[in-house]
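entry26.txt (compact mmCIF, C-alpha atoms)
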```txt
# COMPACT_ATOMS: atom_id res chain seq x y z
CA GLY M 1 0.00 0.00 0.00
CA GLU M 2 0.84 3.67 -0.06
CA ASN M 3 3.39 5.11 2.38
CA VAL M 4 3.72 8.86 2.97
CA GLU M 5 6.70 10.40 4.75
CA GLN M 6 6.54 14.01 6.00
CA HIS M 7 9.32 16.35 7.17
CA PRO M 8 10.02 18.16 9.37
CA SER M 9 7.94 17.12 12.37
CA THR M 10 8.30 20.62 13.88
CA LEU M 11 9.03 23.88 12.06
CA SER M 12 9.51 27.24 13.74
CA VAL M 13 9.69 30.39 11.58
CA GLN M 14 9.60 34.12 12.20
CA GLU M 15 6.39 35.91 11.34
CA GLY M 16 6.61 37.16 7.78
CA ASP M 17 9.08 34.49 6.67
CA SER M 18 8.27 31.52 4.44
CA ALA M 19 7.67 27.94 5.54
CA VAL M 20 8.17 24.78 3.50
CA ILE M 21 6.94 21.29 4.40
CA LYS M 22 7.97 18.29 2.32
CA CYS M 23 6.39 14.89 1.70
CA THR M 24 7.34 11.80 -0.26
CA TYR M 25 5.05 8.98 -1.36
CA SER M 26 5.66 5.43 -2.51
CA ASP M 27 2.78 4.46 -4.84
CA SER M 28 3.47 5.71 -8.37
CA ALA M 29 -0.23 5.23 -9.19
CA SER M 30 -1.33 7.88 -6.63
CA ASN M 31 -2.86 10.86 -8.40
CA TYR M 32 -4.27 13.14 -5.68
CA PHE M 33 -2.28 14.99 -3.01
CA PRO M 34 -4.18 17.17 -0.51
CA TRP M 35 -2.85 19.23 2.38
CA TYR M 36 -4.80 19.64 5.61
CA LYS M 37 -4.48 22.14 8.45
CA GLN M 38 -5.52 21.02 11.92
CA GLU M 39 -6.00 23.43 14.78
CA LEU M 40 -6.15 22.27 18.38
CA GLY M 41 -9.32 20.34 19.14
CA LYS M 42 -10.62 20.48 15.57
CA GLY M 43 -10.80 18.18 12.59
CA PRO M 44 -8.48 18.49 9.56
CA GLN M 45 -9.42 21.24 7.13
CA LEU M 46 -8.42 21.05 3.47
CA ILE M 47 -6.27 24.04 2.52
CA ILE M 48 -5.01 23.09 -0.93
CA ASP M 49 -4.68 20.03 -3.14
CA ILE M 50 -2.99 19.05 -6.36
CA ARG M 51 -3.63 16.37 -8.93
CA SER M 52 -1.00 14.43 -10.81
CA ASN M 53 -1.53 16.22 -14.11
CA VAL M 54 -0.39 19.54 -12.58
CA GLY M 55 3.09 20.50 -11.34
CA GLU M 56 2.18 23.52 -9.20
CA LYS M 57 -0.90 25.16 -7.74
CA LYS M 58 -1.19 28.43 -5.85
CA ASP M 59 -3.89 29.98 -3.67
CA GLN M 60 -2.92 33.39 -2.26
CA ARG M 61 -0.07 32.76 0.24
CA ILE M 62 -0.19 28.98 -0.12
CA ALA M 63 1.30 26.90 -2.92
CA VAL M 64 1.90 23.22 -3.54
CA THR M 65 4.42 21.69 -5.92
CA LEU M 66 4.50 18.11 -7.20
CA ASN M 67 7.39 16.17 -8.70
CA LYS M 68 5.98 12.88 -9.96
CA THR M 69 9.33 11.55 -11.12
CA ALA M 70 10.84 11.92 -7.66
CA LYS M 71 7.51 11.14 -5.94
CA HIS M 72 7.56 14.15 -3.68
CA PHE M 73 5.34 17.15 -3.08
CA SER M 74 5.75 20.25 -0.95
CA LEU M 75 3.66 22.91 0.77
CA HIS M 76 4.91 26.50 0.64
CA ILE M 77 3.47 29.23 2.87
CA THR M 78 4.72 32.76 2.25
CA GLU M 79 4.44 35.84 4.49
CA THR M 80 3.52 33.68 7.47
CA GLN M 81 1.10 35.04 10.05
CA PRO M 82 0.30 33.99 13.65
CA GLU M 83 -2.92 32.30 12.49
CA ASP M 84 -0.84 29.93 10.35
CA SER M 85 0.32 28.20 13.55
CA ALA M 86 -1.19 24.69 13.45
CA VAL M 87 -0.39 21.08 12.54
CA TYR M 88 -0.23 20.43 8.80
CA PHE M 89 -0.74 17.01 7.20
CA CYS M 90 0.03 15.88 3.69
CA ALA M 91 -1.83 12.93 2.19
CA ALA M 92 -2.02 10.83 -0.94
CA ASN M 93 -4.70 8.61 -2.37
CA SER M 94 -4.06 5.05 -3.43
CA GLY M 95 -3.84 4.33 -7.11
CA GLY M 96 -4.31 0.61 -6.66
CA GLY M 97 -8.07 0.62 -6.24
CA ALA M 98 -8.18 0.86 -2.44
CA ASP M 99 -10.10 3.82 -1.15
CA GLY M 100 -9.24 6.52 1.37
CA LEU M 101 -6.19 8.71 1.93
CA THR M 102 -2.82 7.84 3.47
CA PHE M 103 -1.52 10.63 5.70
CA GLY M 104 1.90 11.79 6.71
CA LYS M 105 2.59 12.08 10.44
CA GLY M 106 2.17 15.85 10.50
CA THR M 107 4.25 19.01 10.91
CA HIS M 108 3.72 21.33 13.86
CA LEU M 109 4.25 24.82 12.41
CA ILE M 110 5.06 27.51 14.96
CA ILE M 111 5.04 31.16 13.92
CA GLN M 112 7.29 33.23 16.18
CA PRO M 113 6.19 36.87 16.65
CA ASN O 114 -25.31 23.06 6.11
CA ALA O 115 -23.66 21.11 8.95
CA GLY O 116 -21.28 18.97 6.81
CA VAL O 117 -20.05 15.96 8.81
CA THR O 118 -21.42 15.62 12.36
CA GLN O 119 -19.93 13.27 14.95
CA THR O 120 -21.34 12.27 18.32
CA PRO O 121 -20.32 12.16 21.07
CA LYS O 122 -17.44 14.66 21.22
CA PHE O 123 -15.92 13.06 24.32
CA GLN O 124 -16.27 9.63 25.92
CA VAL O 125 -14.58 7.70 28.72
CA LEU O 126 -15.00 3.92 28.74
CA LYS O 127 -13.84 1.18 31.03
CA THR O 128 -11.89 -1.71 29.54
CA GLY O 129 -14.32 -4.26 28.12
CA GLN O 130 -17.23 -1.87 27.67
CA SER O 131 -18.81 -1.36 24.28
CA MET O 132 -19.94 1.77 22.49
CA THR O 133 -20.91 3.13 19.09
CA LEU O 134 -19.57 6.32 17.57
CA GLN O 135 -22.06 8.04 15.31
CA CYS O 136 -21.38 9.96 12.11
CA ALA O 137 -23.79 11.67 9.76
CA GLN O 138 -23.26 13.82 6.66
CA ASP O 139 -25.75 16.04 4.89
CA MET O 140 -23.84 16.55 1.63
CA ASN O 141 -25.25 13.53 -0.24
CA HIS O 142 -21.78 11.96 -0.46
CA ASN O 143 -21.48 8.31 -1.45
CA SER O 144 -18.23 7.46 0.36
CA MET O 145 -17.63 7.66 4.11
CA TYR O 146 -14.59 6.87 6.27
CA TRP O 147 -13.44 6.32 9.83
CA TYR O 148 -9.92 7.36 10.86
CA ARG O 149 -8.11 7.32 14.17
CA GLN O 150 -5.47 9.85 15.16
CA ASP O 151 -2.76 9.09 17.69
CA PRO O 152 0.08 11.41 18.76
CA GLY O 153 2.89 11.38 16.22
CA MET O 154 1.04 8.89 13.97
CA GLY O 155 -1.04 11.04 11.68
CA LEU O 156 -4.46 9.68 10.70
CA ARG O 157 -4.90 5.99 9.97
CA LEU O 158 -7.86 4.51 8.11
CA ILE O 159 -9.97 2.05 10.12
CA TYR O 160 -12.88 1.26 7.77
CA TYR O 161 -14.56 2.85 4.82
CA SER O 162 -17.80 2.58 2.88
CA ALA O 163 -17.68 3.35 -0.83
CA SER O 164 -21.47 3.35 -1.10
CA GLU O 165 -24.58 2.52 0.87
CA GLY O 166 -24.57 -1.19 1.71
CA THR O 167 -20.81 -1.75 1.35
CA THR O 168 -17.96 -1.58 3.85
CA ASP O 169 -14.25 -2.42 3.61
CA LYS O 170 -11.31 -2.68 5.96
CA GLY O 171 -8.64 -0.04 6.08
CA GLU O 172 -5.17 -0.08 7.62
CA VAL O 173 -6.15 -0.72 11.28
CA PRO O 174 -9.55 -2.53 11.44
CA ASN O 175 -8.91 -4.94 14.33
CA GLY O 176 -11.23 -4.41 17.30
CA TYR O 177 -13.79 -2.38 15.33
CA ASN O 178 -16.98 -2.97 13.37
CA VAL O 179 -18.91 -0.56 11.18
CA SER O 180 -22.41 -0.14 9.82
CA ARG O 181 -23.49 1.98 6.88
CA LEU O 182 -27.03 2.52 8.06
CA ASN O 183 -28.08 4.58 5.03
CA LYS O 184 -26.44 7.09 2.71
CA ARG O 185 -26.15 9.70 5.48
CA GLU O 186 -24.94 7.63 8.44
CA PHE O 187 -21.84 5.54 9.09
CA SER O 188 -21.26 4.22 12.62
CA LEU O 189 -18.17 2.73 14.28
CA ARG O 190 -18.57 0.17 17.05
CA LEU O 191 -16.12 -0.97 19.69
CA GLU O 192 -17.43 -4.30 21.04
CA SER O 193 -14.91 -4.66 23.90
CA ALA O 194 -12.88 -1.52 24.39
CA ALA O 195 -9.15 -1.76 25.17
CA PRO O 196 -6.72 0.93 26.37
CA SER O 197 -4.99 0.71 22.97
CA GLN O 198 -8.15 2.16 21.44
CA THR O 199 -7.71 5.42 23.31
CA SER O 200 -7.54 7.89 20.45
CA VAL O 201 -9.28 10.68 18.60
CA TYR O 202 -11.66 9.31 15.97
CA PHE O 203 -12.55 11.24 12.82
CA CYS O 204 -15.30 10.53 10.36
CA ALA O 205 -15.04 11.84 6.80
CA SER O 206 -17.09 11.80 3.64
CA ARG O 207 -16.07 12.28 0.03
CA SER O 208 -17.51 14.10 -2.94
CA GLY O 209 -16.60 12.74 -6.35
CA ILE O 210 -13.02 11.51 -6.65
CA TYR O 211 -11.20 14.07 -4.55
CA GLY O 212 -13.10 16.16 -2.01
CA TYR O 213 -12.79 14.75 1.51
CA THR O 214 -14.56 16.56 4.37
CA PHE O 215 -13.82 15.70 8.01
CA GLY O 216 -15.92 15.94 11.14
CA SER O 217 -14.66 17.57 14.33
CA GLY O 218 -13.78 14.27 16.03
CA THR O 219 -14.61 12.10 19.04
CA ARG O 220 -12.01 11.98 21.81
CA LEU O 221 -12.18 8.50 23.38
CA THR O 222 -10.35 7.42 26.52
CA VAL O 223 -10.38 3.78 27.64
CA VAL O 224 -9.30 3.22 31.23
```
Could I get this file's structure written as structure tokens?
Amino acid sequence: GENVEQHPSTLSVQEGDSAVIKCTYSDSASNYFPWYKQELGKGPQLIIDIRSNVGEKKDQRIAVTLNKTAKHFSLHITETQPEDSAVYFCAANSGGGADGLTFGKGTHLIIQP
Amino acid sequence: NAGVTQTPKFQVLKTGQSMTLQCAQDMNHNSMYWYRQDPGMGLRLIYYSASEGTTDKGEVPNGYNVSRLNKREFSLRLESAAPSQTSVYFCASRSGIYGYTFGSGTRLTVV
């Protein structure tokens, strides 16, 4: 089955700086890669996703890049703000017919004032 | 539009007790999922239901059973709770191929 690795586990950046979180996946048939933001006590919220036919997608301060050859994808947050502090999860679907998403273990992003 | 609703939000069980976690969605989605979240482990798939009347095992199904009662509701049952099942449980539903929506979770402690 699919295996998703996420790094780093904790990331601390100064407010206004950029943050980058990286993930790798194992199943070459995976074709959907969402990113979720989870605040304390809440469920994961989709912030951006990318499909395998696209190399990059941007939504205001958030962007995701995908390298299918290397099987890795990254989340980029620019001009970070205090409200960006949260745990971020990457995920990938399974291309082998099984349903559901496989998640990375999460990155705790801390925005320092 | 409530999205995905889970009940209860919190529960404490004694080892060996049973309980059912409830999940309902009002988005007319076909597929529904149960995940568990443990510290440092991300979310792991327990069971899923691709459509009304069907259920399949995910990555960590042992100790759980599910029922897809109708298109809206998907319940998760612990027949004999164990401390290893202490976790936060999330229900999700899916629109089309890609759009997963999660509930706010049930925090379960087994003592």
List as JSON lines every residue of region 10-81 of chain M that is in contact with region 153-168 of chain O, defined as an atom at most 12 Å from one of its atoms (using all atoms listed in the file), together with the nearest atom pair and the distance in Å rounded to one decimal, sorted by chain and then rising number.
```
{"residue": "M:Thr10", "atom": "CA", "partner": "O:Gly153", "partner_atom": "CA", "distance": 11.0}
{"residue": "M:Tyr36", "atom": "CA", "partner": "O:Gly155", "partner_atom": "CA", "distance": 11.2}
{"residue": "M:Gln38", "atom": "CA", "partner": "O:Gly155", "partner_atom": "CA", "distance": 10.9}
{"residue": "M:Gly43", "atom": "CA", "partner": "O:Leu156", "partner_atom": "CA", "distance": 10.8}
{"residue": "M:Pro44", "atom": "CA", "partner": "O:Leu156", "partner_atom": "CA", "distance": 9.8}
```
| task | Rounded to one decimal place, report the CA of Tyr177 (chain O)-CA of Asn31 (chain M) distance in Å. | result |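 Between these atoms lies a distance of 29.3 Å.
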| task | Can you check which residues of chain O have any atom within 10 Å of chain M? Use all atoms listed in the file and format it as a ChimeraX atom specification. | result | /O:144-148,150-163,169-172,201-207,210-220
| What gap, in Å, lies between CA of Thr128 (chain O) and CA of Arg190 (chain O)? |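 The value is 14.3 Å.
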| field | CA of Ala137 (chain O) to CA of Gly116 (chain O), straight-line distance in Å | value |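 If I compute the distance from CA of Gly116 (chain O) to CA of Ala137 (chain O), I get 8.3 Å.
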| query | O:Leu189, O:Val223, O:Val173, O:Ala194: which is nearest Leu134 (chain O), counting all atoms listed in the file? | reply |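 Distance minimum relative to Leu134 (chain O) lands on O:Leu189.
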| request: Identify which of the residues M:Asn3, M:Thr69, M:Gln81, M:Ser12 lies closest to His108 (chain M), counting only C-alpha atoms when measuring atom-to-atom distances. | output: M:Ser12
Kindly reconstruct region 169-181 of chain O with N, CA, C and O atoms and present the result as a CSV table (one decimal), in the frame of the given file.
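The resulting selection.csv:
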```
chain,number,residue,atom,x,y,z
O,169,ASP,N,-15.5,-1.8,3.8
O,169,ASP,CA,-14.2,-2.4,3.6
O,169,ASP,C,-13.3,-2.0,4.7
O,169,ASP,O,-13.3,-0.9,5.2
O,170,LYS,N,-12.3,-2.9,5.0
O,170,LYS,CA,-11.3,-2.7,6.0
O,170,LYS,C,-10.3,-1.7,5.4
O,170,LYS,O,-9.9,-1.7,4.3
O,171,GLY,N,-9.8,-0.9,6.4
O,171,GLY,CA,-8.6,0.0,6.1
O,171,GLY,C,-7.4,-0.6,6.7
O,171,GLY,O,-7.2,-1.8,6.7
O,172,GLU,N,-6.5,0.3,7.1
O,172,GLU,CA,-5.2,-0.1,7.6
O,172,GLU,C,-5.2,-0.7,9.0
O,172,GLU,O,-4.5,-1.6,9.3
O,173,VAL,N,-6.1,-0.3,9.9
O,173,VAL,CA,-6.2,-0.7,11.3
O,173,VAL,C,-7.6,-1.1,11.7
O,173,VAL,O,-8.1,-0.5,12.6
O,174,PRO,N,-8.2,-2.2,11.2
O,174,PRO,CA,-9.6,-2.5,11.4
O,174,PRO,C,-9.8,-3.4,12.7
O,174,PRO,O,-10.9,-3.5,13.2
O,175,ASN,N,-8.7,-4.0,13.2
O,175,ASN,CA,-8.9,-4.9,14.3
O,175,ASN,C,-9.5,-4.3,15.6
O,175,ASN,O,-9.0,-3.2,16.0
O,176,GLY,N,-10.6,-4.9,16.1
O,176,GLY,CA,-11.2,-4.4,17.3
O,176,GLY,C,-12.4,-3.5,17.0
O,176,GLY,O,-13.0,-3.0,17.9
O,177,TYR,N,-12.7,-3.3,15.7
O,177,TYR,CA,-13.8,-2.4,15.3
O,177,TYR,C,-14.8,-3.1,14.4
O,177,TYR,O,-14.4,-4.0,13.6
O,178,ASN,N,-16.0,-2.6,14.4
O,178,ASN,CA,-17.0,-3.0,13.4
O,178,ASN,C,-17.7,-1.7,12.9
O,178,ASN,O,-17.7,-0.7,13.6
O,179,VAL,N,-18.2,-1.7,11.7
O,179,VAL,CA,-18.9,-0.6,11.2
O,179,VAL,C,-20.2,-1.0,10.6
O,179,VAL,O,-20.5,-2.1,10.2
O,180,SER,N,-21.1,0.1,10.5
O,180,SER,CA,-22.4,-0.1,9.8
O,180,SER,C,-22.7,1.1,9.0
O,180,SER,O,-22.6,2.2,9.5
O,181,ARG,N,-23.0,0.9,7.7
O,181,ARG,CA,-23.5,2.0,6.9
O,181,ARG,C,-25.0,1.9,6.9
O,181,ARG,O,-25.6,1.1,6.1
```
